[in-house]
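J.: Mind having a look at this structure? Questions to follow.
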Protein chains: 2
Amino acid sequence: MPTLSVFMDVPLAQKLEGSLLKTYKQDNCPNKIFLAFRVCMTSEGHPWVSSVVPKIRLQIAYDPSLNYEYVPVKGMKSFTEASLKLLFGKHSQAIVENRVGGVHTVGDNGAFQLGAQFLKIWCKDSQIVYIISSQKEPYGLVFQDMGFTVCEYSFWDSKQLCVDSNVLLDVVEQAPHGCIFVIGNIGDCNLTQSQWARLMANMKSKQIFPFFDIPNQGLSTGDLEEDTGFLEYFVSQGFEFFCSQSLSKTFGIYDEGVGILVVVALNNQLLLCVLSQLMKLTQALWLNPPTMGARIITSVLCNPALQEEWKQSLKGLVENIMLIKEKVKEKLRLLGTPGSWDHITDQNGPHSYLGLNCGIPGQEKAYLPPQEWSDQLHLYQCLQHRLYHSEHQ
Amino acid sequence: MPTLSVFMDVPLAQKLEGSLLKTYKQDNCPNKIFLAFRVCMTSEGHPWVSSVVPKIRLQIAYDPSLNYEYVPVKGMKSFTEASLKLLFGKHSQAIVENRVGGVHTVGDNGAFQLGAQFLKIWCKDSQIVYIISSQKEPYGLVFQDMGFTVCEYSFWDSKQLCVDSNVLLDVVEQAPHGCIFVIGNIGDCNLTQSQWARLMANMKSKQIFPFFDIPNQGLSTGDLEEDTGFLEYFVSQGFEFFCSQSLSKTFGIYDEGVGILVVVALNNQLLLCVLSQLMKLTQALWLNPPTMGARIITSVLCNPALQEEWKQSLKGLVENIMLIKEKVKEKLRLLGTPGSWDHITDQNGPHSYLGLNCGIPGQEKAYLPPQEWSDQLHLYQCLQHRLYHSEHQ
């Protein structure tokens, strides 16, 4: 009699690809293009790497004094310290008051996994998570798998082709007491002072817990400090929060899994308690974080000359992203597509809402004269197109 | 009114140190020595690194063609393939029949975390885990935190000072149907043919699921194939199992977090289902595994000359471990301690049961004349002493 398999009831899981990629693959137009990549590419078609990184790799490989022993569960102290200074600025109130700390995680997913586990255990009243649709995959799914209720929203107005910051305010106003808000690029919402005041007052009175996501500090406005300035505002208003900080994309070390779960608490004592519980969870997850990426970043951030070179390389990347957006806009104009395409260049950062919706059957194609257009490009309306990549079509 | 903290109910978690280290710290004898380190040390007091690794680090740093893009959720294919060949041997039945696969994890803890998550979801009848006491921290805790019932056992006979392989057989005989057995160095049990037959028959009839732990292939007998030969025996007997494979310790790249969760299934179709579910879980855990360690290992394993050099370096390490055990035994003899200390050199691998139990109040000190001894050393009876380290006291 043949043995029965322990695994006989295990079904094949669905392939791990985003819903956008799935739609794209199902389309059989030969001219289709997929733009929603995770990585900025160079004009040679390679993933972008900061010029400073190859030098540091050599320096590390040549250094006989380096110790490759297991690092503590919390990660390399110098790495988290340097990264937190970059995130909040040297003179941050939270740093001065010793109430911000971080745990080195395996990438931003690791940071969300760790943060969500903590919130599941210790903030039992906060089991509803609000997240913008473009972050649903994969972060929303991390919360969902853990039993949280995940509510999606979007503040991109696809009719007016602009960010509608009132959406954020409305969602916060309607959200239940004590929920969690995953907040990505809030700087792009261009909130007015009175909108900020309204947002803060609502979040405070409802005890909403912010979980920020900073995947590419510096790539939004081109200025490192400006990109994350809003964090200090939350600190000054007495908020406690989590923040997933990842420096993989701004150094071009995508495969090193460098993430930090940042914690801001009201005082040092509370912070230490939270960090101690996070370390307990980390121990079960991966025990010791991988260090290569952390070594590279720390070497750069702790050396003023190298840091300057890194900042310059980042500026070059941001300029290139803007240049490509300009080119796309220009091509759309040359094709005679009606309407203004200024919204493409009005948006900051490596991602842009294109405002195209051709190709999906039954959907309006208002902005595209199909015959002319479909021979050139076949673009999917998606929430986040990485335009930088369109350079290589 | 000051804001109430979200974290006000979060207590300080206990410090993350093994129970042995805790006992050691509480003792105030000035001559105490802690021997249970995780890493093999060189005579200069540095963590051991295979001579081949620094070269590969340079080669990687100099290679402009390398792509540092995110790797797939499953990890680098070449890495898992090369590692599985090393684990099972090139002509393994499981490899030929295409029913063994692996998911790159963050270290061995990551492999246990991933495997335990899978078993929790898909093997609902297997919620009892048997583990030897020395593996309770940290692997047993991973299962325990997830709600499994964890039962400890030990096959070290502290009176006879030898491995009692009957303990393993008895534990299996008394274990309930369908439980999970975390199995470390079963090769060290020196089972006779009839004991093997009894073990297999019992495990088979009770549908016990083995979860092997191979943290340092090659360091036990000094022979890579001999160390893991028992795996192929389980394959040939029609077992399905998980195995945590880590190559960090045998390359000396401790801080890179290199692990693999190996899956053996009855056929390829079942294997693909299990791997697909594991990838789904991995996506939520850390999405993409870190690659530096995997790159180093793959470069060595896929190059026959480098692989040979690595094997030689490993042999040197094993010889050194044996040499230190000999020295410890010799010193104990020179001190005039009664009894035979052969059990120290009779045991394979970097860990050894010393058979000392001085220093713990109220416990027998039969093997140690206290006055003479306590001035020299103050050793704790522990399940696993890493003798290699005692060289540096």
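Residue names in the structure tokens use chain letters A, B, ... in the order shown, residue numbers from 1 in each chain, and ligand numbers from 1 in the order shown.
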Distance cut-off 6 Å, counting only C-alpha atoms - which residues of chain A neighbour chain B? Return them as a ChimeraX atom specification.

T.: /A:11-13,57-58,61,68-70,106,109-110,113,142,253-257,273,276-277,284-286,290-291

J.: Restricting the output to N, CA, C and O atoms, write the selected residues as a tab-separated table (two decimals), in the first residue's frame.

T.:
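Full text of part-v1.tsv as output:
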chain	number	residue	atom	x	y	z
A	11	PRO	N	-3.25	22.76	-1.13
A	11	PRO	CA	-3.48	23.17	-2.52
A	11	PRO	C	-2.35	24.06	-3.03
A	11	PRO	O	-1.56	24.59	-2.26
A	12	LEU	N	-2.28	24.21	-4.34
A	12	LEU	CA	-1.31	25.11	-4.95
A	12	LEU	C	-1.74	26.54	-4.65
A	12	LEU	O	-2.88	26.92	-4.93
A	13	ALA	N	-0.84	27.33	-4.08
A	13	ALA	CA	-1.19	28.72	-3.78
A	13	ALA	C	-1.14	29.53	-5.07
A	13	ALA	O	-0.37	29.22	-5.98
A	57	ARG	N	31.75	48.56	-1.16
A	57	ARG	CA	31.82	47.09	-1.23
A	57	ARG	C	33.28	46.64	-1.26
A	57	ARG	O	33.66	45.68	-0.58
A	58	LEU	N	34.09	47.34	-2.03
A	58	LEU	CA	35.51	46.99	-2.10
A	58	LEU	C	36.19	47.22	-0.76
A	58	LEU	O	36.95	46.38	-0.27
A	61	ALA	N	35.34	44.47	1.53
A	61	ALA	CA	35.98	43.21	1.16
A	61	ALA	C	37.47	43.22	1.51
A	61	ALA	O	38.05	42.18	1.82
A	68	TYR	N	32.53	39.10	11.36
A	68	TYR	CA	31.28	38.64	10.75
A	68	TYR	C	30.44	37.78	11.69
A	68	TYR	O	29.66	36.95	11.25
A	69	GLU	N	30.66	37.98	12.98
A	69	GLU	CA	29.89	37.27	14.01
A	69	GLU	C	28.41	37.68	13.92
A	69	GLU	O	28.09	38.71	13.32
A	70	TYR	N	27.54	36.88	14.52
A	70	TYR	CA	26.13	37.25	14.61
A	70	TYR	C	26.01	38.62	15.25
A	70	TYR	O	26.69	38.91	16.23
A	106	VAL	N	14.36	42.71	8.27
A	106	VAL	CA	14.67	42.25	6.92
A	106	VAL	C	13.73	42.97	5.95
A	106	VAL	O	12.60	42.56	5.73
A	109	ASN	N	9.11	44.86	4.30
A	109	ASN	CA	8.10	43.86	4.64
A	109	ASN	C	8.33	43.31	6.04
A	109	ASN	O	7.39	43.11	6.79
A	110	GLY	N	9.61	43.09	6.36
A	110	GLY	CA	9.95	42.64	7.71
A	110	GLY	C	9.51	43.65	8.75
A	110	GLY	O	9.02	43.27	9.83
A	113	GLN	N	5.77	43.33	9.07
A	113	GLN	CA	5.47	42.07	9.73
A	113	GLN	C	5.67	42.21	11.25
A	113	GLN	O	4.80	41.85	12.04
A	142	VAL	N	-0.14	41.81	4.67
A	142	VAL	CA	0.52	41.39	5.92
A	142	VAL	C	-0.45	41.54	7.09
A	142	VAL	O	-0.63	40.63	7.90
A	253	ILE	N	20.82	49.03	-3.11
A	253	ILE	CA	21.21	47.71	-2.57
A	253	ILE	C	19.92	46.94	-2.26
A	253	ILE	O	19.67	46.53	-1.13
A	254	TYR	N	19.17	46.74	-3.32
A	254	TYR	CA	17.81	46.19	-3.22
A	254	TYR	C	17.78	44.81	-2.57
A	254	TYR	O	16.86	44.47	-1.84
A	255	ASP	N	18.79	43.99	-2.86
A	255	ASP	CA	18.73	42.58	-2.44
A	255	ASP	C	19.35	42.33	-1.07
A	255	ASP	O	19.56	41.18	-0.70
A	256	GLU	N	19.65	43.39	-0.33
A	256	GLU	CA	20.28	43.17	0.98
A	256	GLU	C	19.27	43.12	2.11
A	256	GLU	O	19.63	42.81	3.25
A	257	GLY	N	18.03	43.44	1.80
A	257	GLY	CA	16.99	43.36	2.83
A	257	GLY	C	17.23	44.29	4.01
A	257	GLY	O	17.30	43.86	5.15
A	273	CYS	N	10.34	49.52	26.76
A	273	CYS	CA	9.40	48.40	26.87
A	273	CYS	C	9.00	47.91	25.48
A	273	CYS	O	9.01	46.70	25.21
A	276	SER	N	11.86	46.12	23.76
A	276	SER	CA	12.14	44.79	24.33
A	276	SER	C	11.14	43.76	23.80
A	276	SER	O	11.50	42.62	23.52
A	277	GLN	N	9.88	44.15	23.66
A	277	GLN	CA	8.88	43.22	23.11
A	277	GLN	C	9.13	42.95	21.63
A	277	GLN	O	8.93	41.84	21.15
A	284	ALA	N	12.06	35.28	17.33
A	284	ALA	CA	11.33	34.15	16.75
A	284	ALA	C	11.31	34.24	15.22
A	284	ALA	O	11.28	33.23	14.54
A	285	LEU	N	11.34	35.46	14.70
A	285	LEU	CA	11.24	35.62	13.24
A	285	LEU	C	12.53	35.24	12.51
A	285	LEU	O	12.53	34.44	11.59
A	286	TRP	N	13.63	35.89	12.86
A	286	TRP	CA	14.89	35.60	12.15
A	286	TRP	C	16.10	35.68	13.08
A	286	TRP	O	17.22	35.54	12.63
A	290	PRO	N	20.40	40.23	8.75
A	290	PRO	CA	21.57	40.19	7.87
A	290	PRO	C	22.24	41.57	7.83
A	290	PRO	O	21.54	42.58	7.87
A	291	THR	N	23.58	41.59	7.74
A	291	THR	CA	24.24	42.88	7.99
A	291	THR	C	24.89	43.57	6.79
A	291	THR	O	25.26	44.73	6.91

J.: As a PyMOL selection string, please: every residue in stretch 39-75 of chain A that a backbone DSSP assignment puts in helix (DSSP H, G or I).

T.: chain A and resi 52-62

J.: Residues of stretch 62-167 of chain B classed as strand (DSSP E or B) by DSSP on the backbone are to be reported as a ChimeraX atom specification.

T.: /B:100-106,128-132,149-153,156-157,162-163

J.: Which of these residues is nearest to A:Trp341, using only C-alpha atoms: A:Glu226, A:Asp213, A:Glu326, A:Glu137?

T.: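 Among A:Glu226, A:Asp213, A:Glu326, A:Glu137, it is A:Glu326 that comes nearest to A:Trp341.
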
J.: Please indicate the distance in Å from atom CA of A:Ser340 to atom CA of A:Leu317, rounded to one decimal place.

T.: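 Interatomic distance, atom CA of A:Ser340 to atom CA of A:Leu317: 25.6 Å.
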
J.: Residues at most 7 Å from B:Val263, counting only C-alpha atoms, excluding those fewer than 3 positions away in the same chain, as a list in words?

T.: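 Skipping anything fewer than 3 positions along the chain leaves Val100, Gly101, Gly102, Phe241, Phe242 and Cys243 of chain B.
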
J.: Using N, CA and C atoms, can you export the residues from the last selection as a PDB file, in the first residue's frame?

T.:
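This is the output file out-v5.pdb:
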ATOM      1  N   VAL B 100      12.388  17.158  -4.076  1.00  0.00           N
ATOM      2  CA  VAL B 100      12.966  17.946  -2.978  1.00  0.00           C
ATOM      3  C   VAL B 100      13.146  19.382  -3.474  1.00  0.00           C
ATOM      4  N   GLY B 101      12.838  20.323  -2.616  1.00  0.00           N
ATOM      5  CA  GLY B 101      12.990  21.730  -2.972  1.00  0.00           C
ATOM      6  C   GLY B 101      13.301  22.532  -1.728  1.00  0.00           C
ATOM      7  N   GLY B 102      13.601  23.794  -1.917  1.00  0.00           N
ATOM      8  CA  GLY B 102      13.931  24.608  -0.756  1.00  0.00           C
ATOM      9  C   GLY B 102      13.543  26.054  -0.943  1.00  0.00           C
ATOM     10  N   PHE B 241       9.490  15.181   4.827  1.00  0.00           N
ATOM     11  CA  PHE B 241      10.004  15.945   5.978  1.00  0.00           C
ATOM     12  C   PHE B 241      10.429  17.360   5.603  1.00  0.00           C
ATOM     13  N   PHE B 242      10.650  18.156   6.648  1.00  0.00           N
ATOM     14  CA  PHE B 242      11.263  19.474   6.518  1.00  0.00           C
ATOM     15  C   PHE B 242      12.686  19.352   7.065  1.00  0.00           C
ATOM     16  N   CYS B 243      13.544  20.246   6.627  1.00  0.00           N
ATOM     17  CA  CYS B 243      14.895  20.293   7.167  1.00  0.00           C
ATOM     18  C   CYS B 243      15.391  21.734   7.128  1.00  0.00           C
TER      19      CYS B 243
END

J.: Which of these, A:Ser205, A:Gly222, A:Glu97, A:Phe34, has the shortest distance to A:Asn320 once you count only C-alpha atoms?

T.: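 Distance minimum relative to A:Asn320 lands on A:Gly222.
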
J.: My list of candidates is A:His177, A:His351, A:His104, A:Lys85. Which is closest to A:Ala294 when distances are computed with only C-alpha atoms?

T.: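 Among the listed residues, the smallest separation from A:Ala294 belongs to A:His104.
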
J.: Given the choices B:Glu308, B:Phe155, B:Val235, B:Asn98, which gets closest to B:Glu81 if the distance is worked out from only C-alpha atoms?

T.: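 Using only C-alpha atoms, B:Glu81 sits closest to B:Asn98.
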
J.: So what do you get for atom CA of B:Leu301 versus atom CA of B:Ala82, distance-wise?

T.: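 Calculated distance between atom CA of B:Leu301 and atom CA of B:Ala82 is 6.3 Å.
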